[in-house]
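Note: the block below is upload-v4.cif and it holds mmCIF, N, CA and C atoms.
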data_protein
#
loop_
_atom_site.label_atom_id
_atom_site.label_comp_id
_atom_site.auth_asym_id
_atom_site.auth_seq_id
_atom_site.Cartn_x
_atom_site.Cartn_y
_atom_site.Cartn_z
N MET V 1 55.46 -20.02 5.32
CA MET V 1 55.91 -21.33 5.74
C MET V 1 57.39 -21.24 6.11
N ALA V 2 57.74 -21.86 7.22
CA ALA V 2 59.12 -21.83 7.68
C ALA V 2 59.95 -22.80 6.86
N LYS V 3 61.17 -22.41 6.59
CA LYS V 3 62.07 -23.24 5.81
C LYS V 3 62.60 -24.36 6.70
N LEU V 4 62.53 -25.62 6.20
CA LEU V 4 63.01 -26.77 6.95
C LEU V 4 64.45 -27.06 6.58
N SER V 5 65.23 -27.46 7.56
CA SER V 5 66.62 -27.81 7.29
C SER V 5 66.68 -29.23 6.70
N GLN V 6 67.82 -29.55 6.20
CA GLN V 6 67.99 -30.88 5.61
C GLN V 6 67.77 -31.97 6.67
N ASP V 7 68.24 -31.73 7.90
CA ASP V 7 68.05 -32.69 8.98
C ASP V 7 66.57 -32.87 9.31
N ASP V 8 65.80 -31.75 9.29
CA ASP V 8 64.37 -31.83 9.55
C ASP V 8 63.67 -32.66 8.47
N LEU V 9 64.06 -32.43 7.22
CA LEU V 9 63.46 -33.20 6.13
C LEU V 9 63.78 -34.69 6.25
N LEU V 10 65.04 -35.01 6.57
CA LEU V 10 65.42 -36.40 6.73
C LEU V 10 64.66 -37.05 7.88
N ALA V 11 64.44 -36.32 8.95
CA ALA V 11 63.68 -36.85 10.08
C ALA V 11 62.25 -37.17 9.65
N GLN V 12 61.67 -36.30 8.82
CA GLN V 12 60.32 -36.54 8.31
C GLN V 12 60.28 -37.78 7.42
N PHE V 13 61.31 -37.93 6.55
CA PHE V 13 61.34 -39.07 5.64
C PHE V 13 61.53 -40.38 6.41
N GLU V 14 62.25 -40.35 7.52
CA GLU V 14 62.46 -41.55 8.31
C GLU V 14 61.15 -42.09 8.87
N GLU V 15 60.22 -41.20 9.16
CA GLU V 15 58.95 -41.60 9.74
C GLU V 15 57.97 -42.13 8.69
N MET V 16 58.27 -41.94 7.41
CA MET V 16 57.36 -42.35 6.34
C MET V 16 57.57 -43.82 6.00
N THR V 17 56.48 -44.46 5.56
CA THR V 17 56.59 -45.82 5.06
C THR V 17 57.11 -45.76 3.63
N LEU V 18 57.50 -46.89 3.10
CA LEU V 18 58.00 -46.91 1.73
C LEU V 18 56.93 -46.48 0.73
N ILE V 19 55.70 -46.84 0.98
CA ILE V 19 54.61 -46.45 0.08
C ILE V 19 54.42 -44.94 0.12
N GLU V 20 54.43 -44.37 1.33
CA GLU V 20 54.30 -42.92 1.45
C GLU V 20 55.47 -42.20 0.77
N LEU V 21 56.66 -42.73 0.94
CA LEU V 21 57.85 -42.14 0.32
C LEU V 21 57.76 -42.23 -1.20
N SER V 22 57.28 -43.35 -1.71
CA SER V 22 57.11 -43.51 -3.14
C SER V 22 56.10 -42.51 -3.69
N GLU V 23 54.99 -42.33 -2.98
CA GLU V 23 53.98 -41.36 -3.40
C GLU V 23 54.54 -39.94 -3.38
N PHE V 24 55.38 -39.64 -2.36
CA PHE V 24 56.00 -38.32 -2.27
C PHE V 24 56.91 -38.08 -3.48
N VAL V 25 57.70 -39.09 -3.82
CA VAL V 25 58.62 -38.94 -4.95
C VAL V 25 57.84 -38.68 -6.23
N LYS V 26 56.74 -39.41 -6.44
CA LYS V 26 55.91 -39.19 -7.63
C LYS V 26 55.36 -37.78 -7.66
N ALA V 27 54.87 -37.31 -6.52
CA ALA V 27 54.32 -35.95 -6.45
C ALA V 27 55.41 -34.92 -6.70
N PHE V 28 56.59 -35.15 -6.15
CA PHE V 28 57.73 -34.25 -6.35
C PHE V 28 58.10 -34.18 -7.83
N GLU V 29 58.14 -35.35 -8.48
CA GLU V 29 58.48 -35.39 -9.91
C GLU V 29 57.46 -34.62 -10.74
N GLU V 30 56.18 -34.79 -10.41
CA GLU V 30 55.13 -34.09 -11.17
C GLU V 30 55.18 -32.58 -10.92
N LYS V 31 55.36 -32.20 -9.68
CA LYS V 31 55.37 -30.79 -9.32
C LYS V 31 56.50 -30.03 -10.01
N PHE V 32 57.71 -30.61 -10.01
CA PHE V 32 58.88 -29.92 -10.53
C PHE V 32 59.34 -30.42 -11.90
N ASP V 33 58.56 -31.34 -12.49
CA ASP V 33 58.83 -31.89 -13.81
C ASP V 33 60.27 -32.41 -13.91
N VAL V 34 60.63 -33.29 -12.96
CA VAL V 34 61.96 -33.90 -12.92
C VAL V 34 61.79 -35.40 -12.64
N THR V 35 62.88 -36.14 -12.79
CA THR V 35 62.88 -37.54 -12.37
C THR V 35 63.87 -37.69 -11.24
N ALA V 36 63.51 -38.47 -10.25
CA ALA V 36 64.33 -38.60 -9.05
C ALA V 36 64.90 -40.01 -8.94
N ALA V 37 65.34 -40.58 -10.04
CA ALA V 37 65.87 -41.95 -10.02
C ALA V 37 67.06 -42.07 -9.08
N ALA V 38 67.98 -41.12 -9.11
CA ALA V 38 69.15 -41.19 -8.23
C ALA V 38 68.74 -41.02 -6.77
N ALA V 39 67.78 -40.15 -6.50
CA ALA V 39 67.35 -39.94 -5.12
C ALA V 39 66.68 -41.18 -4.57
N VAL V 40 65.93 -41.89 -5.36
CA VAL V 40 65.28 -43.11 -4.91
C VAL V 40 66.32 -44.17 -4.59
N ALA V 41 67.35 -44.27 -5.42
CA ALA V 41 68.39 -45.27 -5.18
C ALA V 41 69.15 -44.96 -3.89
N VAL V 42 69.35 -43.68 -3.59
CA VAL V 42 70.06 -43.30 -2.37
C VAL V 42 69.16 -43.44 -1.16
N ALA V 43 67.89 -43.06 -1.32
CA ALA V 43 66.99 -43.05 -0.18
C ALA V 43 66.50 -44.44 0.20
N GLY V 44 66.51 -45.39 -0.72
CA GLY V 44 65.90 -46.67 -0.41
C GLY V 44 66.77 -47.89 -0.56
N PRO V 45 68.01 -47.89 -0.09
CA PRO V 45 68.83 -49.09 -0.28
C PRO V 45 68.30 -50.30 0.48
N ALA V 46 67.52 -50.10 1.53
CA ALA V 46 67.00 -51.24 2.28
C ALA V 46 65.67 -51.71 1.71
N GLY V 47 65.10 -50.98 0.79
CA GLY V 47 63.79 -51.33 0.25
C GLY V 47 63.88 -52.28 -0.92
N PRO V 48 62.73 -52.76 -1.37
CA PRO V 48 62.70 -53.70 -2.48
C PRO V 48 63.16 -53.09 -3.80
N ALA V 49 63.10 -51.77 -3.96
CA ALA V 49 63.54 -51.13 -5.20
C ALA V 49 65.03 -51.35 -5.42
N ALA V 50 65.81 -51.30 -4.36
CA ALA V 50 67.25 -51.49 -4.48
C ALA V 50 67.58 -52.92 -4.88
N VAL V 51 66.81 -53.88 -4.39
CA VAL V 51 67.02 -55.27 -4.74
C VAL V 51 66.70 -55.49 -6.21
N ALA V 52 65.66 -54.86 -6.71
CA ALA V 52 65.26 -55.03 -8.10
C ALA V 52 66.28 -54.42 -9.05
N GLU V 53 66.99 -53.38 -8.62
CA GLU V 53 67.95 -52.71 -9.48
C GLU V 53 69.26 -53.46 -9.59
N ALA V 54 69.55 -54.35 -8.65
CA ALA V 54 70.80 -55.09 -8.68
C ALA V 54 70.78 -56.05 -9.86
N PRO V 55 71.82 -56.07 -10.69
CA PRO V 55 71.82 -56.97 -11.84
C PRO V 55 71.91 -58.42 -11.38
N GLU V 56 71.10 -59.27 -11.98
CA GLU V 56 71.10 -60.68 -11.62
C GLU V 56 72.28 -61.37 -12.28
N GLU V 57 72.90 -62.25 -11.52
CA GLU V 57 74.03 -62.99 -12.06
C GLU V 57 73.48 -64.10 -12.95
N GLN V 58 74.02 -64.20 -14.14
CA GLN V 58 73.54 -65.19 -15.09
C GLN V 58 73.99 -66.56 -14.65
N ASP V 59 73.05 -67.53 -14.62
CA ASP V 59 73.40 -68.88 -14.20
C ASP V 59 73.15 -69.91 -15.30
N GLU V 60 72.59 -69.47 -16.43
CA GLU V 60 72.37 -70.37 -17.55
C GLU V 60 73.04 -69.76 -18.79
N PHE V 61 73.76 -70.60 -19.51
CA PHE V 61 74.53 -70.12 -20.66
C PHE V 61 74.21 -70.97 -21.89
N ASP V 62 74.40 -70.38 -23.06
CA ASP V 62 74.25 -71.07 -24.33
C ASP V 62 75.62 -71.16 -24.98
N VAL V 63 75.94 -72.32 -25.52
CA VAL V 63 77.18 -72.51 -26.27
C VAL V 63 76.80 -72.51 -27.74
N ILE V 64 77.30 -71.52 -28.48
CA ILE V 64 76.92 -71.35 -29.88
C ILE V 64 78.13 -71.58 -30.76
N LEU V 65 77.98 -72.51 -31.70
CA LEU V 65 79.02 -72.80 -32.68
C LEU V 65 78.92 -71.74 -33.77
N THR V 66 79.97 -70.94 -33.91
CA THR V 66 79.94 -69.87 -34.91
C THR V 66 80.66 -70.25 -36.20
N GLY V 67 81.49 -71.27 -36.13
CA GLY V 67 82.19 -71.73 -37.33
C GLY V 67 82.89 -73.04 -37.06
N ALA V 68 82.97 -73.91 -38.08
CA ALA V 68 83.56 -75.24 -37.91
C ALA V 68 85.08 -75.23 -38.03
N GLY V 69 85.63 -74.26 -38.72
CA GLY V 69 87.07 -74.23 -38.90
C GLY V 69 87.52 -75.24 -39.95
N GLU V 70 88.79 -75.58 -39.93
CA GLU V 70 89.36 -76.48 -40.94
C GLU V 70 89.12 -77.96 -40.62
N LYS V 71 88.97 -78.29 -39.34
CA LYS V 71 88.82 -79.69 -38.93
C LYS V 71 87.35 -80.00 -38.66
N LYS V 72 86.56 -79.97 -39.70
CA LYS V 72 85.11 -80.13 -39.59
C LYS V 72 84.73 -81.49 -38.99
N ILE V 73 85.43 -82.54 -39.37
CA ILE V 73 85.10 -83.88 -38.88
C ILE V 73 85.34 -83.96 -37.37
N GLN V 74 86.44 -83.37 -36.89
CA GLN V 74 86.72 -83.35 -35.45
C GLN V 74 85.63 -82.58 -34.70
N VAL V 75 85.17 -81.48 -35.28
CA VAL V 75 84.13 -80.67 -34.64
C VAL V 75 82.83 -81.47 -34.57
N ILE V 76 82.50 -82.20 -35.63
CA ILE V 76 81.29 -83.04 -35.63
C ILE V 76 81.38 -84.08 -34.52
N LYS V 77 82.56 -84.69 -34.34
CA LYS V 77 82.75 -85.69 -33.28
C LYS V 77 82.52 -85.07 -31.90
N VAL V 78 83.05 -83.88 -31.69
CA VAL V 78 82.88 -83.21 -30.39
C VAL V 78 81.42 -82.85 -30.17
N VAL V 79 80.75 -82.38 -31.21
CA VAL V 79 79.31 -82.04 -31.09
C VAL V 79 78.53 -83.29 -30.70
N ARG V 80 78.86 -84.42 -31.30
CA ARG V 80 78.17 -85.68 -30.96
C ARG V 80 78.44 -86.07 -29.52
N GLU V 81 79.68 -85.84 -29.03
CA GLU V 81 80.01 -86.16 -27.64
C GLU V 81 79.23 -85.28 -26.67
N LEU V 82 79.06 -84.00 -27.02
CA LEU V 82 78.40 -83.05 -26.13
C LEU V 82 76.89 -83.17 -26.13
N THR V 83 76.35 -83.67 -27.23
CA THR V 83 74.89 -83.77 -27.36
C THR V 83 74.50 -85.22 -27.59
N SER V 84 73.23 -85.46 -27.70
CA SER V 84 72.75 -86.81 -28.01
C SER V 84 72.37 -86.91 -29.48
N LEU V 85 72.96 -86.08 -30.32
CA LEU V 85 72.64 -86.06 -31.74
C LEU V 85 73.33 -87.21 -32.47
N GLY V 86 72.68 -87.66 -33.52
CA GLY V 86 73.27 -88.66 -34.40
C GLY V 86 74.25 -87.98 -35.35
N LEU V 87 74.87 -88.79 -36.18
CA LEU V 87 75.88 -88.28 -37.10
C LEU V 87 75.31 -87.24 -38.06
N LYS V 88 74.16 -87.55 -38.66
CA LYS V 88 73.57 -86.62 -39.63
C LYS V 88 73.16 -85.31 -38.97
N GLU V 89 72.53 -85.40 -37.79
CA GLU V 89 72.08 -84.19 -37.09
C GLU V 89 73.28 -83.33 -36.67
N ALA V 90 74.33 -83.98 -36.19
CA ALA V 90 75.54 -83.23 -35.79
C ALA V 90 76.18 -82.57 -37.00
N LYS V 91 76.23 -83.28 -38.12
CA LYS V 91 76.80 -82.70 -39.34
C LYS V 91 75.97 -81.52 -39.80
N ASP V 92 74.64 -81.65 -39.76
CA ASP V 92 73.76 -80.55 -40.16
C ASP V 92 73.95 -79.34 -39.25
N LEU V 93 74.12 -79.58 -37.95
CA LEU V 93 74.34 -78.49 -37.00
C LEU V 93 75.64 -77.76 -37.34
N VAL V 94 76.71 -78.52 -37.59
CA VAL V 94 78.01 -77.91 -37.89
C VAL V 94 77.94 -77.17 -39.22
N ASP V 95 77.28 -77.76 -40.22
CA ASP V 95 77.16 -77.11 -41.53
C ASP V 95 76.32 -75.84 -41.45
N GLY V 96 75.34 -75.80 -40.56
CA GLY V 96 74.44 -74.65 -40.45
C GLY V 96 74.90 -73.58 -39.48
N ALA V 97 76.17 -73.63 -39.06
CA ALA V 97 76.67 -72.67 -38.08
C ALA V 97 76.48 -71.24 -38.60
N PRO V 98 76.16 -70.30 -37.79
CA PRO V 98 76.12 -70.33 -36.32
C PRO V 98 74.81 -70.93 -35.80
N LYS V 99 74.97 -71.89 -34.90
CA LYS V 99 73.84 -72.56 -34.27
C LYS V 99 74.21 -72.91 -32.84
N PRO V 100 73.20 -72.94 -31.94
CA PRO V 100 73.49 -73.34 -30.56
C PRO V 100 73.76 -74.85 -30.47
N VAL V 101 74.81 -75.20 -29.74
CA VAL V 101 75.12 -76.61 -29.50
C VAL V 101 74.47 -77.04 -28.19
N LEU V 102 74.66 -76.23 -27.16
CA LEU V 102 74.05 -76.47 -25.85
C LEU V 102 73.31 -75.21 -25.43
N GLU V 103 72.14 -75.39 -24.82
CA GLU V 103 71.36 -74.25 -24.36
C GLU V 103 71.03 -74.40 -22.89
N LYS V 104 71.07 -73.28 -22.17
CA LYS V 104 70.71 -73.21 -20.76
C LYS V 104 71.45 -74.24 -19.91
N VAL V 105 72.77 -74.20 -19.99
CA VAL V 105 73.61 -75.08 -19.17
C VAL V 105 74.37 -74.24 -18.16
N ALA V 106 74.90 -74.91 -17.15
CA ALA V 106 75.68 -74.22 -16.11
C ALA V 106 76.96 -73.64 -16.70
N LYS V 107 77.50 -72.64 -16.01
CA LYS V 107 78.68 -71.94 -16.50
C LYS V 107 79.86 -72.88 -16.73
N ASP V 108 80.14 -73.77 -15.77
CA ASP V 108 81.29 -74.65 -15.92
C ASP V 108 81.10 -75.63 -17.08
N ALA V 109 79.88 -76.12 -17.27
CA ALA V 109 79.60 -77.02 -18.40
C ALA V 109 79.75 -76.28 -19.72
N ALA V 110 79.31 -75.03 -19.77
CA ALA V 110 79.43 -74.23 -20.99
C ALA V 110 80.89 -73.97 -21.31
N GLU V 111 81.69 -73.67 -20.29
CA GLU V 111 83.11 -73.41 -20.52
C GLU V 111 83.85 -74.66 -20.99
N LYS V 112 83.51 -75.83 -20.41
CA LYS V 112 84.14 -77.08 -20.82
C LYS V 112 83.77 -77.42 -22.26
N ALA V 113 82.50 -77.23 -22.61
CA ALA V 113 82.05 -77.51 -23.97
C ALA V 113 82.75 -76.58 -24.96
N ALA V 114 82.86 -75.31 -24.60
CA ALA V 114 83.52 -74.34 -25.48
C ALA V 114 84.99 -74.71 -25.67
N GLU V 115 85.66 -75.14 -24.60
CA GLU V 115 87.06 -75.55 -24.70
C GLU V 115 87.21 -76.76 -25.62
N SER V 116 86.30 -77.73 -25.49
CA SER V 116 86.36 -78.92 -26.33
C SER V 116 86.19 -78.57 -27.80
N LEU V 117 85.22 -77.71 -28.07
CA LEU V 117 84.98 -77.32 -29.46
C LEU V 117 86.14 -76.50 -30.02
N LYS V 118 86.69 -75.62 -29.21
CA LYS V 118 87.84 -74.83 -29.67
C LYS V 118 89.05 -75.73 -29.90
N GLY V 119 89.20 -76.74 -29.05
CA GLY V 119 90.29 -77.69 -29.21
C GLY V 119 90.19 -78.46 -30.52
N ALA V 120 88.96 -78.67 -30.99
CA ALA V 120 88.74 -79.38 -32.26
C ALA V 120 88.88 -78.44 -33.46
N GLY V 121 89.06 -77.14 -33.20
CA GLY V 121 89.27 -76.19 -34.30
C GLY V 121 88.07 -75.33 -34.62
N ALA V 122 87.01 -75.42 -33.83
CA ALA V 122 85.81 -74.62 -34.09
C ALA V 122 85.92 -73.26 -33.44
N SER V 123 85.13 -72.31 -33.95
CA SER V 123 85.00 -71.03 -33.26
C SER V 123 83.67 -71.05 -32.52
N VAL V 124 83.73 -70.66 -31.25
CA VAL V 124 82.60 -70.82 -30.34
C VAL V 124 82.34 -69.52 -29.60
N GLU V 125 81.07 -69.32 -29.25
CA GLU V 125 80.67 -68.15 -28.46
C GLU V 125 79.80 -68.64 -27.31
N VAL V 126 80.06 -68.15 -26.12
CA VAL V 126 79.25 -68.50 -24.95
C VAL V 126 78.45 -67.28 -24.56
N LYS V 127 77.15 -67.43 -24.52
CA LYS V 127 76.27 -66.31 -24.15
C LYS V 127 75.50 -66.67 -22.90
#
Mind converting the file's structure to structure tokens?
Amino acid sequence: MAKLSQDDLLAQFEEMTLIELSEFVKAFEEKFDVTAAAAVAVAGPAGPAAVAEAPEEQDEFDVILTGAGEKKIQVIKVVRELTSLGLKEAKDLVDGAPKPVLEKVAKDAAEKAAESLKGAGASVEVK
């Protein structure tokens, strides 16, 4: 068998469909007992595999109260302002920290809530 140059191989790969290329990569991995993760990422930036590998930007955040601090009453007031909880429920939430105050909210709303809670003396974490 004649040895193919790198350009010849690339010309052959250009003519292949993504499914054929995927099958080739699997066969190559089995034949030589290797993984070609880097080669797939380089060979297929226009394919759906490259889109799936891109990290998704988080659009929902949780505001978690990790501690009430010294001004517990102020923190309870802020929790009541941020949520629709009554006095007892807000107090229980603050007493049971760490607990989520807001879940699955937009980034700007999470940041504003965290600032309000920190301003009242609480320790807060945004995830």
Next item on the list: Would you be able to write out as a ChimeraX atom specification which residues have an atom within 6.5 Å of (87.5, -79.1, -33.5) in the file's coordinates, counting all atoms listed in the file?
Entry: /V:68,71-72,74-76,116-122
Selected residues written out, N, CA and C atoms, as a short mmCIF file (atom, residue, chain, number, x, y, z; two decimals), in the coordinates of the input:
data_model
loop_
_atom_site.label_atom_id
_atom_site.label_comp_id
_atom_site.auth_asym_id
_atom_site.auth_seq_id
_atom_site.Cartn_x
_atom_site.Cartn_y
_atom_site.Cartn_z
N ALA V 68 82.97 -73.91 -38.08
CA ALA V 68 83.56 -75.24 -37.91
C ALA V 68 85.08 -75.23 -38.03
N LYS V 71 88.97 -78.29 -39.34
CA LYS V 71 88.82 -79.69 -38.93
C LYS V 71 87.35 -80.00 -38.66
N LYS V 72 86.56 -79.97 -39.70
CA LYS V 72 85.11 -80.13 -39.59
C LYS V 72 84.73 -81.49 -38.99
N GLN V 74 86.44 -83.37 -36.89
CA GLN V 74 86.72 -83.35 -35.45
C GLN V 74 85.63 -82.58 -34.70
N VAL V 75 85.17 -81.48 -35.28
CA VAL V 75 84.13 -80.67 -34.64
C VAL V 75 82.83 -81.47 -34.57
N ILE V 76 82.50 -82.20 -35.63
CA ILE V 76 81.29 -83.04 -35.63
C ILE V 76 81.38 -84.08 -34.52
N SER V 116 86.30 -77.73 -25.49
CA SER V 116 86.36 -78.92 -26.33
C SER V 116 86.19 -78.57 -27.80
N LEU V 117 85.22 -77.71 -28.07
CA LEU V 117 84.98 -77.32 -29.46
C LEU V 117 86.14 -76.50 -30.02
N LYS V 118 86.69 -75.62 -29.21
CA LYS V 118 87.84 -74.83 -29.67
C LYS V 118 89.05 -75.73 -29.90
N GLY V 119 89.20 -76.74 -29.05
CA GLY V 119 90.29 -77.69 -29.21
C GLY V 119 90.19 -78.46 -30.52
N ALA V 120 88.96 -78.67 -30.99
CA ALA V 120 88.74 -79.38 -32.26
C ALA V 120 88.88 -78.44 -33.46
N GLY V 121 89.06 -77.14 -33.20
CA GLY V 121 89.27 -76.19 -34.30
C GLY V 121 88.07 -75.33 -34.62
N ALA V 122 87.01 -75.42 -33.83
CA ALA V 122 85.81 -74.62 -34.09
C ALA V 122 85.92 -73.26 -33.44
#
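Between atom CA of Ala90 of chain V and atom CA of Val78 of chain V there is a distance of 9.1 Å.
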Note to self: Which residues would end up in the selection if the PyMOL selection byres ((chain V and resi 99) around 8) were applied here, given that I need the answer as a list in words?
What the structure shows: Val63, Ile64, Leu65, Thr66, Gly67, Leu93, Val94, Asp95, Gly96, Ala97, Pro98, Pro100, Val101 and Leu102 of chain V
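Distance annotation: of V:Asp62, V:Val25, V:Glu70, V:Thr35, the residue with the minimal separation from Val126 of chain V is V:Asp62; atom set is all atoms listed in the file.
Distance-wise, atom CA of Lys88 of chain V and atom CA of Ile73 of chain V end up 11.9 Å apart.
In this structure, atom C of Lys3 of chain V sits 21.0 Å away from atom CA of Glu20 of chain V.
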